[in-house]
$ cat protein29.txt   # compact mmCIF, C-alpha atoms
# COMPACT_ATOMS: atom_id res chain seq x y z
CA MET P 1 63.76 95.52 83.88
CA ASN P 2 66.68 97.15 85.66
CA LYS P 3 69.72 97.89 83.52
CA PRO P 4 73.05 96.56 84.79
CA PRO P 5 75.30 99.30 86.19
CA GLN P 6 77.87 100.75 83.83
CA VAL P 7 81.39 100.04 85.11
CA ALA P 8 84.35 101.91 83.66
CA LYS P 9 87.51 99.81 83.77
CA THR P 10 90.79 99.74 81.88
CA PHE P 11 92.25 96.32 81.10
CA TYR P 12 95.94 95.41 80.77
CA THR P 13 97.82 92.51 79.23
CA ALA P 14 100.73 90.76 80.94
CA ALA P 15 103.17 92.59 78.66
CA GLU P 16 101.66 95.96 79.56
CA LEU P 17 101.89 95.14 83.26
CA ALA P 18 105.56 94.25 82.86
CA ALA P 19 106.18 97.57 81.11
CA LEU P 20 104.55 99.43 84.00
CA ALA P 21 106.79 97.67 86.52
CA HIS P 22 110.01 98.22 84.59
CA GLY P 23 109.37 101.50 82.85
CA ASP P 24 110.46 104.99 83.80
CA ASP P 25 112.18 105.78 87.08
CA VAL P 26 109.01 107.54 88.26
CA ALA P 27 106.25 104.97 88.56
CA SER P 28 102.80 105.89 87.31
CA PRO P 29 99.67 105.96 89.50
CA VAL P 30 98.52 102.86 87.60
CA PHE P 31 101.57 100.94 88.85
CA TYR P 32 100.83 101.88 92.47
CA SER P 33 97.23 100.72 92.05
CA LEU P 34 98.11 97.38 90.51
CA ARG P 35 100.97 96.36 92.78
CA GLY P 36 98.77 96.14 95.88
CA PRO P 37 99.72 96.73 99.53
CA LEU P 38 103.10 95.39 100.66
CA PRO P 39 103.26 95.00 104.47
CA GLN P 40 106.77 95.54 105.83
CA MET P 41 108.80 93.93 108.57
CA PHE P 42 112.43 93.83 109.66
CA LEU P 43 114.21 90.60 108.74
CA VAL P 44 117.10 89.77 111.09
CA THR P 45 119.53 87.16 109.79
CA PRO P 46 122.90 85.90 111.03
CA ASN P 47 126.14 86.50 109.17
CA ARG P 48 129.66 85.23 109.52
CA ASP P 49 130.73 88.31 111.51
CA MET P 50 127.65 88.47 113.74
CA GLU P 51 129.51 88.02 117.03
CA ARG P 52 131.78 90.94 116.19
CA THR P 53 129.56 93.34 114.22
CA GLY P 54 125.98 92.22 114.80
CA PRO P 55 123.36 90.63 112.52
CA THR P 56 122.16 91.73 109.10
CA ILE P 57 118.79 93.51 109.15
CA ARG P 58 116.72 94.17 106.04
CA THR P 59 113.37 95.79 105.40
CA VAL P 60 111.28 93.14 103.62
CA THR P 61 107.69 92.64 102.54
CA VAL P 62 105.83 89.76 104.16
CA SER P 63 102.92 87.50 103.16
CA PRO P 64 101.16 85.27 105.72
CA LEU P 65 100.79 81.71 104.41
CA ALA P 66 99.19 79.48 107.07
CA TRP P 67 98.15 79.42 110.71
CA GLN P 68 98.78 75.69 111.25
CA PRO P 69 101.72 75.67 111.30
CA TYR P 70 102.12 79.45 111.55
CA THR P 71 104.10 80.26 108.39
CA MET P 72 105.03 83.46 106.55
CA ALA P 73 106.86 84.14 103.29
CA VAL P 74 109.42 86.78 102.38
CA SER P 75 111.07 87.48 99.04
CA ILE P 76 114.72 88.53 98.78
CA PRO P 77 116.42 89.83 95.61
CA ILE P 78 118.94 87.23 94.51
CA ASP P 79 121.59 89.91 94.07
CA ASP P 80 121.37 90.64 97.82
CA SER P 81 124.09 88.06 98.34
CA VAL P 82 124.44 88.59 102.09
CA VAL P 83 120.83 87.75 102.96
CA TYR P 84 120.62 85.15 100.17
CA ASP P 85 123.54 83.24 101.68
CA ASN P 86 122.03 83.56 105.14
CA LEU P 87 118.65 82.05 104.19
CA ALA P 88 119.29 79.72 101.25
CA ASP P 89 119.99 76.69 103.47
CA ASP P 90 117.22 74.57 104.97
CA ASP P 91 116.80 75.02 108.73
CA ALA P 92 118.43 78.46 108.58
CA GLU P 93 117.14 80.73 111.32
CA CYS P 94 115.97 84.34 111.38
CA VAL P 95 113.69 86.80 113.18
CA LEU P 96 110.84 88.87 111.71
CA ALA P 97 110.21 92.03 113.75
CA THR P 98 107.15 94.24 113.35
CA PRO P 99 107.88 97.97 112.89
CA THR P 100 105.56 100.66 114.15
CA ARG P 101 104.58 103.78 112.24
CA ASP P 102 107.22 105.65 114.28
CA MET P 103 110.09 103.68 112.72
CA LEU P 104 110.25 105.25 109.27
CA ARG P 105 113.91 106.22 109.75
CA GLN P 106 114.85 102.65 110.62
CA LEU P 107 112.84 101.26 107.71
CA THR P 108 114.85 103.44 105.32
CA ILE P 109 118.20 102.50 106.88
CA CYS P 110 117.44 98.78 106.73
CA SER P 111 116.35 99.01 103.11
CA GLN P 112 119.94 99.93 102.19
CA ARG P 113 122.72 97.41 101.70
CA LEU P 114 125.45 98.49 104.03
CA PRO P 115 129.05 97.30 103.47
CA ARG P 116 130.07 94.01 105.02
CA GLY P 117 131.24 94.48 108.58
CA LEU P 118 128.72 97.25 109.29
CA SER P 119 125.51 96.13 110.96
CA GLU P 120 122.23 97.90 110.35
CA ALA P 121 121.47 97.40 114.04
CA ALA P 122 124.16 99.89 115.01
CA VAL P 123 123.24 102.46 112.34
CA ALA P 124 119.52 102.23 113.13
CA ARG P 125 120.34 102.32 116.87
CA PHE P 126 118.39 99.18 117.58
CA THR P 127 118.64 97.41 120.91
CA LEU P 128 119.05 93.66 120.38
CA VAL P 129 117.98 90.98 122.84
CA ARG P 130 118.51 87.24 122.97
CA SER P 131 115.85 85.10 121.28
CA PRO P 132 114.79 82.02 123.28
CA HIS P 133 114.13 79.72 120.31
CA VAL P 134 116.67 80.67 117.62
CA ALA P 135 120.29 81.77 117.58
CA VAL P 136 119.42 85.13 115.99
CA PRO P 137 118.69 88.14 118.24
CA SER P 138 115.34 89.92 118.33
CA ILE P 139 114.82 93.70 118.12
CA ALA P 140 113.77 95.03 121.52
CA ASP P 141 112.48 98.28 119.95
CA CYS P 142 109.84 96.38 117.95
CA PRO P 143 106.65 95.43 119.81
CA VAL P 144 106.43 91.98 118.20
CA ASN P 145 109.19 89.56 117.16
CA PHE P 146 108.68 86.24 115.40
CA GLU P 147 111.45 83.65 115.69
CA CYS P 148 111.55 81.58 112.52
CA ARG P 149 113.21 78.65 110.78
CA VAL P 150 113.42 78.26 107.02
CA GLU P 151 110.92 75.66 105.87
CA ARG P 152 111.56 76.03 102.14
CA ALA P 153 113.44 78.33 99.79
CA GLU P 154 112.91 78.64 96.03
CA THR P 155 114.37 81.00 93.43
CA TYR P 156 111.76 82.70 91.25
CA PHE P 157 112.44 85.32 88.56
CA GLY P 158 115.28 87.05 90.31
CA TYR P 159 114.06 86.52 93.86
CA LEU P 160 114.58 84.00 96.62
CA VAL P 161 111.15 83.19 98.06
CA VAL P 162 111.51 81.85 101.59
CA PHE P 163 108.83 80.07 103.64
CA LEU P 164 109.42 80.80 107.32
CA ARG P 165 107.87 78.64 110.03
CA VAL P 166 107.34 80.52 113.29
CA VAL P 167 108.82 78.59 116.22
CA GLY P 168 108.41 81.30 118.86
CA ALA P 169 107.31 84.89 119.36
CA SER P 170 107.51 87.74 121.84
CA ILE P 171 105.24 90.72 122.40
CA ASP P 172 105.69 93.81 124.56
CA ASP P 173 103.64 93.72 127.75
CA ALA P 174 102.49 97.28 127.02
CA ILE P 175 100.77 96.05 123.86
CA LEU P 176 98.74 93.54 125.83
CA LEU P 177 97.13 96.36 127.82
CA LYS P 178 96.08 98.41 124.77
CA LYS P 179 92.69 98.25 123.13
CA LYS P 180 92.45 96.47 119.78
CA LYS P 181 91.98 99.69 117.82
CA LYS P 182 95.13 101.18 119.37
CA VAL P 183 97.14 98.06 118.56
CA ALA P 184 95.95 98.03 114.94
CA GLY P 185 96.94 101.66 114.60
CA LEU P 186 100.57 100.87 115.41
CA PHE P 187 101.13 98.83 112.26
CA PRO P 188 101.39 97.76 109.54
CA THR P 189 103.47 100.03 107.40
CA ASN P 190 103.41 99.37 103.66
CA ASP P 191 106.25 99.74 101.17
CA VAL P 192 105.55 102.40 98.53
CA ASP P 193 108.77 103.12 96.64
CA THR P 194 112.29 104.53 96.84
CA ILE P 195 113.02 108.01 95.49
CA VAL P 196 115.93 110.43 95.24
CA ASP P 197 115.07 113.67 97.01
CA ALA P 198 116.18 117.24 96.22
CA SER P 199 119.49 116.74 98.05
CA ASP P 200 120.25 113.55 96.07
CA ALA P 201 119.60 111.37 99.10
CA VAL P 202 117.91 107.99 98.57
CA VAL P 203 114.69 107.97 100.59
CA LYS P 204 112.32 105.08 101.10
CA ARG P 205 108.67 106.09 101.14
CA VAL P 206 106.25 104.24 103.37
CA ALA P 207 102.47 104.30 103.72
CA ALA P 208 101.16 103.99 107.28
CA LEU P 209 97.83 102.50 108.21
CA GLY P 210 95.08 105.10 108.09
CA ASP P 211 91.66 105.20 109.69
CA LEU P 212 90.07 101.93 110.75
CA LEU P 213 86.80 101.62 108.87
CA PRO P 214 84.18 99.10 110.00
CA CYS P 215 83.06 96.70 107.27
CA PRO P 216 79.35 95.92 107.04
CA THR P 217 78.51 92.68 108.82
CA PHE P 218 75.14 92.05 110.44
CA PRO P 219 72.67 91.21 109.03
CA CYS P 220 74.90 90.03 106.16
CA GLY P 221 76.90 88.07 108.72
CA PRO P 222 76.78 87.21 112.43
CA LYS P 223 77.08 90.01 114.97
CA GLN P 224 80.17 88.38 116.49
CA GLY P 225 82.02 88.41 113.15
CA CYS P 226 83.51 85.67 111.02
CA TYR P 227 84.42 83.50 114.03
CA ALA P 228 80.78 82.98 115.01
CA THR P 229 78.80 79.92 113.93
CA PHE P 230 76.04 79.63 111.35
CA ASP P 231 73.51 78.87 114.10
CA ALA P 232 74.60 82.01 115.99
CA TRP P 233 74.01 84.08 112.84
CA ILE P 234 70.51 82.64 112.43
CA ALA P 235 69.79 83.29 116.11
CA ASP P 236 70.88 86.93 115.64
CA LEU P 237 68.47 87.29 112.72
CA GLN P 238 65.63 85.78 114.76
CA ASP P 239 66.39 88.10 117.70
CA GLU P 240 66.08 91.09 115.37
CA ARG P 241 62.81 89.67 113.98
CA LEU P 242 64.21 89.33 110.49
CA LEU P 243 63.35 85.63 110.67
CA THR P 244 60.46 83.92 112.40
CA PRO P 245 61.24 81.13 114.88
CA ASP P 246 59.97 78.57 112.34
CA GLU P 247 62.19 80.01 109.59
CA ALA P 248 65.24 80.06 111.85
CA SER P 249 64.60 76.47 112.92
CA ARG P 250 64.22 75.37 109.30
CA LEU P 251 67.51 76.97 108.21
CA CYS P 252 69.41 75.36 111.10
CA ALA P 253 67.83 71.99 110.28
CA TRP P 254 68.92 72.32 106.65
CA ARG P 255 72.48 72.95 107.68
CA GLN P 256 72.52 70.14 110.23
CA ARG P 257 71.19 67.70 107.65
CA TRP P 258 73.75 68.97 105.12
CA GLN P 259 76.54 68.14 107.56
CA GLU P 260 75.10 64.66 108.18
CA ILE P 261 75.05 63.69 104.48
CA PHE P 262 77.99 65.81 103.30
CA ALA P 263 80.21 62.79 102.52
CA ASP P 264 77.53 61.11 100.35
CA LEU P 265 78.43 62.77 97.05
CA GLN P 266 75.91 60.72 95.05
CA SER P 267 72.93 61.66 97.22
CA ALA P 268 70.07 63.41 95.41
CA GLU P 269 69.00 64.89 98.76
CA ARG P 270 72.48 66.34 99.22
CA ALA P 271 72.37 67.97 95.78
CA ALA P 272 68.94 69.52 96.41
CA LEU P 273 69.90 70.68 99.88
CA ARG P 274 73.06 72.30 98.53
CA VAL P 275 70.95 74.40 96.15
CA ARG P 276 68.52 75.44 98.90
CA LEU P 277 71.26 76.41 101.35
CA THR P 278 73.15 78.33 98.68
CA ASP P 279 70.04 80.22 97.65
CA ALA P 280 69.17 81.02 101.27
CA CYS P 281 72.67 82.33 102.09
CA ARG P 282 72.72 84.41 98.91
CA LEU P 283 69.37 86.01 99.80
CA LEU P 284 70.55 86.64 103.37
CA ALA P 285 73.76 88.28 102.16
CA HIS P 286 71.84 90.56 99.80
CA GLU P 287 69.12 91.26 102.41
CA GLN P 288 66.40 90.11 100.03
CA TRP P 289 63.94 89.30 102.80
CA ASP P 290 60.77 88.83 100.74
CA GLU P 291 62.49 86.31 98.47
CA LEU P 292 63.98 84.53 101.49
CA HIS P 293 60.59 84.25 103.21
CA ALA P 294 59.14 82.83 99.99
CA LEU P 295 61.96 80.28 99.69
CA LEU P 296 61.43 79.08 103.25
CA ALA P 297 57.65 79.02 102.89
CA ALA P 298 57.94 76.84 99.78
CA ASP P 299 59.67 74.16 101.85
CA VAL P 300 56.82 73.85 104.34
CA GLY P 301 55.07 70.53 104.08

$ encode --input "protein29.txt" --output "structure tokens"
Amino acid sequence: MNKPPQVAKTFYTAAELAALAHGDDVASPVFYSLRGPLPQMFLVTPNRDMERTGPTIRTVTVSPLAWQPYTMAVSIPIDDSVVYDNLADDDAECVLATPTRDMLRQLTICSQRLPRGLSEAAVARFTLVRSPHVAVPSIADCPVNFECRVERAETYFGYLVVFLRVVGASIDDAILLKKKKKVAGLFPTNDVDTIVDASDAVVKRVAALGDLLPCPTFPCGPKQGCYATFDAWIADLQDERLLTPDEASRLCAWRQRWQEIFADLQSAERAALRVRLTDACRLLAHEQWDELHALLAADVG
């Protein structure tokens, strides 16, 4: 009997996590590990002096929420009164612009709160262009701009969490001609922390995307990736002779039958088929071919 692997882990309570987040000025390596990656974008919002001085631009962290409708979320400290006032109202408008790894200077500038009447656009030397779908300008220097309207805003433990529905977007033509790997290498940048350097200057530190590492897929998944169908995955396995034609046909028939009776929650056939399909997919994912062949053979007849 194989012994389970020994895993060394350290566990934390909620109180200990809070102490890590609000402890010394210099965060510990544990804090960096537990906070997770924080993708950054520029948030462009209007202000009452926008026609004279330009918009307000902040460096914010972004979380995608949904594709239909395309929605993202940002969180703003409540004490950032300028941006809070700009986004707190329903139907407020803004732009999210994607920085590249060459924009570390601008990310630092836009993480500061400049005095009213001084726009980050001028200090960061951004070129602004008209947005077709909202009354807030986009940043021409950024390869991608998302034009957004506020769908919902809620205060939560010192932050304003804003759901932004994307109503339009623009992308540089040059990006369209690049290969996918080159595009992925441009962004994202991730927020790390803010430090005071040797000259007493406040510096924002940013982590840029590193090497692109391929995740294992086939035979644990279809060759075409997560967008391929179950039947395509089974066909791939048959092509590589990991499944016989009869086994491939049987698996596809199971799934087709599962779809036909899916809505019949009281069906005994549905319950049994659910177990068989689950077992088969588990064995496929773990590449346990002998056990999979035995499972499929047991269903014959």

$ residues_around --input "protein29.txt" --residues "P:Val166" --least-positions-apart "5" --cutoff "8 Å" --atoms "all atoms listed in the file" --output "compact mmCIF listing (two decimals) with C-alpha atoms, in the frame of the given file"
# COMPACT_ATOMS: atom_id res chain seq x y z
CA PRO P 69 101.72 75.67 111.30
CA TYR P 70 102.12 79.45 111.55
CA THR P 71 104.10 80.26 108.39
CA MET P 72 105.03 83.46 106.55
CA PHE P 146 108.68 86.24 115.40
CA GLU P 147 111.45 83.65 115.69
CA CYS P 148 111.55 81.58 112.52
CA ARG P 149 113.21 78.65 110.78

$ closest_residue --input "protein29.txt" --among "P:Leu176, P:Arg58, P:Ala153, P:Ala18" --to "P:Arg35" --atoms "all atoms listed in the file"
P:Ala18

$ atom_distance --input "protein29.txt" --atom1 "atom CA of P:Val206" --atom2 "atom CA of P:Asn190"
5.6 Å

$ closest_atom_pairs --input "protein29.txt" --of "stretch 153-247 of chain P" --to "stretch 251-259 of chain P" --cutoff "12 Å" --atoms "only C-alpha atoms" --output "tab-separated table"
residue	atom	partner	partner_atom	distance
P:Thr229	CA	P:Cys252	CA	10.8
P:Phe230	CA	P:Cys252	CA	7.9
P:Asp231	CA	P:Cys252	CA	6.2
P:Ala232	CA	P:Cys252	CA	9.8
P:Trp233	CA	P:Cys252	CA	10.0
P:Ile234	CA	P:Cys252	CA	7.5
P:Ala235	CA	P:Cys252	CA	9.4
P:Leu237	CA	P:Leu251	CA	11.3
P:Gln238	CA	P:Leu251	CA	11.1
P:Leu243	CA	P:Leu251	CA	9.9
P:Thr244	CA	P:Leu251	CA	10.7
P:Pro245	CA	P:Leu251	CA	10.1
P:Asp246	CA	P:Leu251	CA	8.7
P:Glu247	CA	P:Leu251	CA	6.3

$ atom_distance --input "protein29.txt" --atom1 "atom CA of P:Pro37" --atom2 "atom CA of P:Asp85"
27.5 Å

$ atom_distance --input "protein29.txt" --atom1 "atom CA of P:Ser75" --atom2 "atom CA of P:Ile171"
24.3 Å

$ closest_residue --input "protein29.txt" --among "P:Arg165, P:Arg205, P:His293, P:Arg270" --to "P:Ile109" --atoms "all atoms listed in the file"
P:Arg205

$ residues_near_point --input "protein29.txt" --point "(120.1, 87.5, 107.7)" --cutoff "8 Å" --atoms "all atoms listed in the file" --output "list in words"
Leu43, Val44, Thr45, Pro46, Asn47, Pro55, Thr56, Ile57, Arg58, Val82, Val83, Tyr84, Asn86, Leu87 and Cys94 of chain P

$ residues_around --input "protein29.txt" --residues "P:Gly36" --least-positions-apart "3" --cutoff "10 Å" --atoms "all atoms listed in the file" --output "VMD selection string"
chain P and resid 31 to 33 39 190 to 192

$ closest_residue --input "protein29.txt" --among "P:Ala66, P:Leu242, P:Ala184, P:Leu104" --to "P:Phe42" --atoms "all atoms listed in the file"
P:Leu104

$ closest_residue --input "protein29.txt" --among "P:Ala135, P:Leu186, P:Val162, P:Ala208" --to "P:Asp90" --atoms "all atoms listed in the file"
P:Val162

$ residues_around --input "protein29.txt" --residues "P:Thr10" --least-positions-apart "6" --cutoff "12 Å" --atoms "all atoms listed in the file" --output "PDB file with C-alpha atoms, in the coordinates of the input"
ATOM      1  CA  GLU P  16     101.660  95.960  79.560  1.00  0.00           C
ATOM      2  CA  VAL P  30      98.520 102.860  87.600  1.00  0.00           C
ATOM      3  CA  LEU P  34      98.110  97.380  90.510  1.00  0.00           C
TER       4      LEU P  34
END
